[in-house]
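Comments concern the structure below.
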Amino acid sequence: MKQIRFYTLFLTALLSVLVSCDPVEPEPEPVPEPDPSLQVGSSSIDLGAEGGSQSVTLTANYDWSAKTTDSWLQVSPVSGQKGSASLTISADANNTGKARKGTVTVVCRSVNRTISVSQPANLAQSLVIKHENTLFSIPVISGSGVTGKVSWGDGAEETYTTSLSHTYSSSGSHTVTIKLNGGTAFDLASIAGVKEIDVTEF
């Protein structure tokens, strides 16, 4: 009986040693965070001279923010969570008399994306001339920094210059519309064939 008890105690001690010697599982190494990623649907947009807005899509794998330092631009929303989102960039009418450019910056941690925004000047003045000539020379418009666009009335359009003229493919009545800024007066070299001049918005 003593021998059996001895073996029992020996086996118990051996098992205790074996259990205590089980290898310790190592702590799993932390999974590194992915690098920040940010994509925008467009790197440049054009807004209308009369004002308006455009949407730009973006995708980020972390929270993001958007801002602009140009007082004439607005951006919404100014922040968002990771995933896909839509950014709205807007501006009021550009009544400065000059085209303008600005930027919107989107930031996702250490990654920046810049969206360039362009807006032409809003041409607030207009001069409308109805005539029946097959060749028409634009009036000389005086003023400070005159800029404008000429619609000849047959689908053709050009940027205003003082020596501009246009030849029509057919005779008949034509309506020339000059949209401009900065004009104070105008001078027609000839009124032959001119039927009507509308200066209500000049």
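In the structure tokens, chains take letters A, B, ... by order of appearance, with residues numbered from 1 within each chain and ligands from 1 in the order shown.
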Stretch 38-47 of chain A environment, 12 Å, only C-alpha atoms, sequence neighbours closer than 3 positions dropped, as an NGL selection string: :A and (35 or 50-66 or 72-74 or 81-94 or 99-122)
Please identify all polymer residues within 9 Å of stretch 163-171 of chain A, counting only C-alpha atoms, omitting same-chain residues fewer than 6 positions from it, and present them as a VMD selection string. chain A and resid 132 to 140 152 154
For those residues, write N, CA and C atoms to a file as a PDB file, in the first residue's frame.
```pdb
ATOM      1  N   GLU A 132     -29.679  95.349 -89.854  1.00  0.00           N
ATOM      2  CA  GLU A 132     -29.950  94.547 -91.047  1.00  0.00           C
ATOM      3  C   GLU A 132     -28.726  94.487 -91.964  1.00  0.00           C
ATOM      4  N   ASN A 133     -27.544  94.568 -91.403  1.00  0.00           N
ATOM      5  CA  ASN A 133     -26.304  94.531 -92.185  1.00  0.00           C
ATOM      6  C   ASN A 133     -25.754  93.108 -92.266  1.00  0.00           C
ATOM      7  N   THR A 134     -25.080  92.814 -93.378  1.00  0.00           N
ATOM      8  CA  THR A 134     -24.393  91.516 -93.465  1.00  0.00           C
ATOM      9  C   THR A 134     -22.994  91.594 -92.849  1.00  0.00           C
ATOM     10  N   LEU A 135     -22.444  92.800 -92.699  1.00  0.00           N
ATOM     11  CA  LEU A 135     -21.186  93.032 -91.998  1.00  0.00           C
ATOM     12  C   LEU A 135     -21.438  94.077 -90.927  1.00  0.00           C
ATOM     13  N   PHE A 136     -21.095  93.737 -89.676  1.00  0.00           N
ATOM     14  CA  PHE A 136     -21.360  94.663 -88.587  1.00  0.00           C
ATOM     15  C   PHE A 136     -20.110  94.812 -87.726  1.00  0.00           C
ATOM     16  N   SER A 137     -19.744  96.074 -87.466  1.00  0.00           N
ATOM     17  CA  SER A 137     -18.609  96.381 -86.592  1.00  0.00           C
ATOM     18  C   SER A 137     -19.122  96.790 -85.226  1.00  0.00           C
ATOM     19  N   ILE A 138     -18.493  96.256 -84.219  1.00  0.00           N
ATOM     20  CA  ILE A 138     -18.926  96.490 -82.843  1.00  0.00           C
ATOM     21  C   ILE A 138     -18.698  97.952 -82.476  1.00  0.00           C
ATOM     22  N   PRO A 139     -19.547  98.548 -81.638  1.00  0.00           N
ATOM     23  CA  PRO A 139     -19.275  99.913 -81.186  1.00  0.00           C
ATOM     24  C   PRO A 139     -18.079  99.954 -80.251  1.00  0.00           C
ATOM     25  N   VAL A 140     -17.377 101.078 -80.244  1.00  0.00           N
ATOM     26  CA  VAL A 140     -16.267 101.274 -79.310  1.00  0.00           C
ATOM     27  C   VAL A 140     -16.864 101.702 -77.972  1.00  0.00           C
ATOM     28  N   TRP A 152     -23.500  87.543 -81.507  1.00  0.00           N
ATOM     29  CA  TRP A 152     -23.834  88.183 -82.776  1.00  0.00           C
ATOM     30  C   TRP A 152     -25.270  87.930 -83.229  1.00  0.00           C
ATOM     31  N   ASP A 154     -26.427  85.023 -84.396  1.00  0.00           N
ATOM     32  CA  ASP A 154     -26.534  83.874 -85.297  1.00  0.00           C
ATOM     33  C   ASP A 154     -25.855  82.638 -84.695  1.00  0.00           C
TER      34      ASP A 154
END
```
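The spacing separating atom CA of A:Thr162 from atom CA of A:Thr96 amounts to 21.8 Å.
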In Å, how far is it from atom CA of A:Ile191 to atom CA of A:Ser144? 24.9 Å
Do you know which residues are at most 9 Å from A:Phe202 counting only C-alpha atoms, after dropping those on the same chain fewer than 6 positions away, and could you put them as a ChimeraX atom specification? /A:124-127,179-180,183-185
Just write the chosen residues, N, CA and C atoms, as a tab-separated table (two decimals), in the first residue's frame.
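Generated file (out_24.tsv):
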```
chain	number	residue	atom	x	y	z
A	124	ALA	N	-22.74	92.54	-65.84
A	124	ALA	CA	-24.00	93.11	-65.37
A	124	ALA	C	-24.63	94.08	-66.37
A	125	GLN	N	-23.81	94.67	-67.27
A	125	GLN	CA	-24.35	95.62	-68.24
A	125	GLN	C	-24.68	94.90	-69.55
A	126	SER	N	-25.56	95.47	-70.32
A	126	SER	CA	-25.84	94.92	-71.64
A	126	SER	C	-26.22	96.04	-72.61
A	127	LEU	N	-25.83	95.84	-73.85
A	127	LEU	CA	-26.15	96.76	-74.94
A	127	LEU	C	-26.67	95.90	-76.09
A	179	LYS	N	-22.69	91.84	-73.58
A	179	LYS	CA	-22.72	91.79	-72.12
A	179	LYS	C	-21.36	92.24	-71.61
A	180	LEU	N	-21.33	93.19	-70.68
A	180	LEU	CA	-20.05	93.77	-70.29
A	180	LEU	C	-20.06	94.33	-68.88
A	183	GLY	N	-18.38	99.66	-68.70
A	183	GLY	CA	-18.70	100.61	-69.77
A	183	GLY	C	-19.39	101.87	-69.26
A	184	THR	N	-18.99	103.02	-69.81
A	184	THR	CA	-19.63	104.29	-69.44
A	184	THR	C	-20.27	104.98	-70.64
A	185	ALA	N	-19.81	104.65	-71.85
A	185	ALA	CA	-20.36	105.25	-73.07
A	185	ALA	C	-19.97	104.37	-74.25
```
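Nearest to A:Glu196 of all the residues A:Ala156, A:Ile141, A:Val128, A:Val146 is A:Val128, based on only C-alpha atoms.
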Rounded to one decimal place, report the atom CA of A:Pro34-atom CA of A:Lys67 distance in Å. 24.5 Å
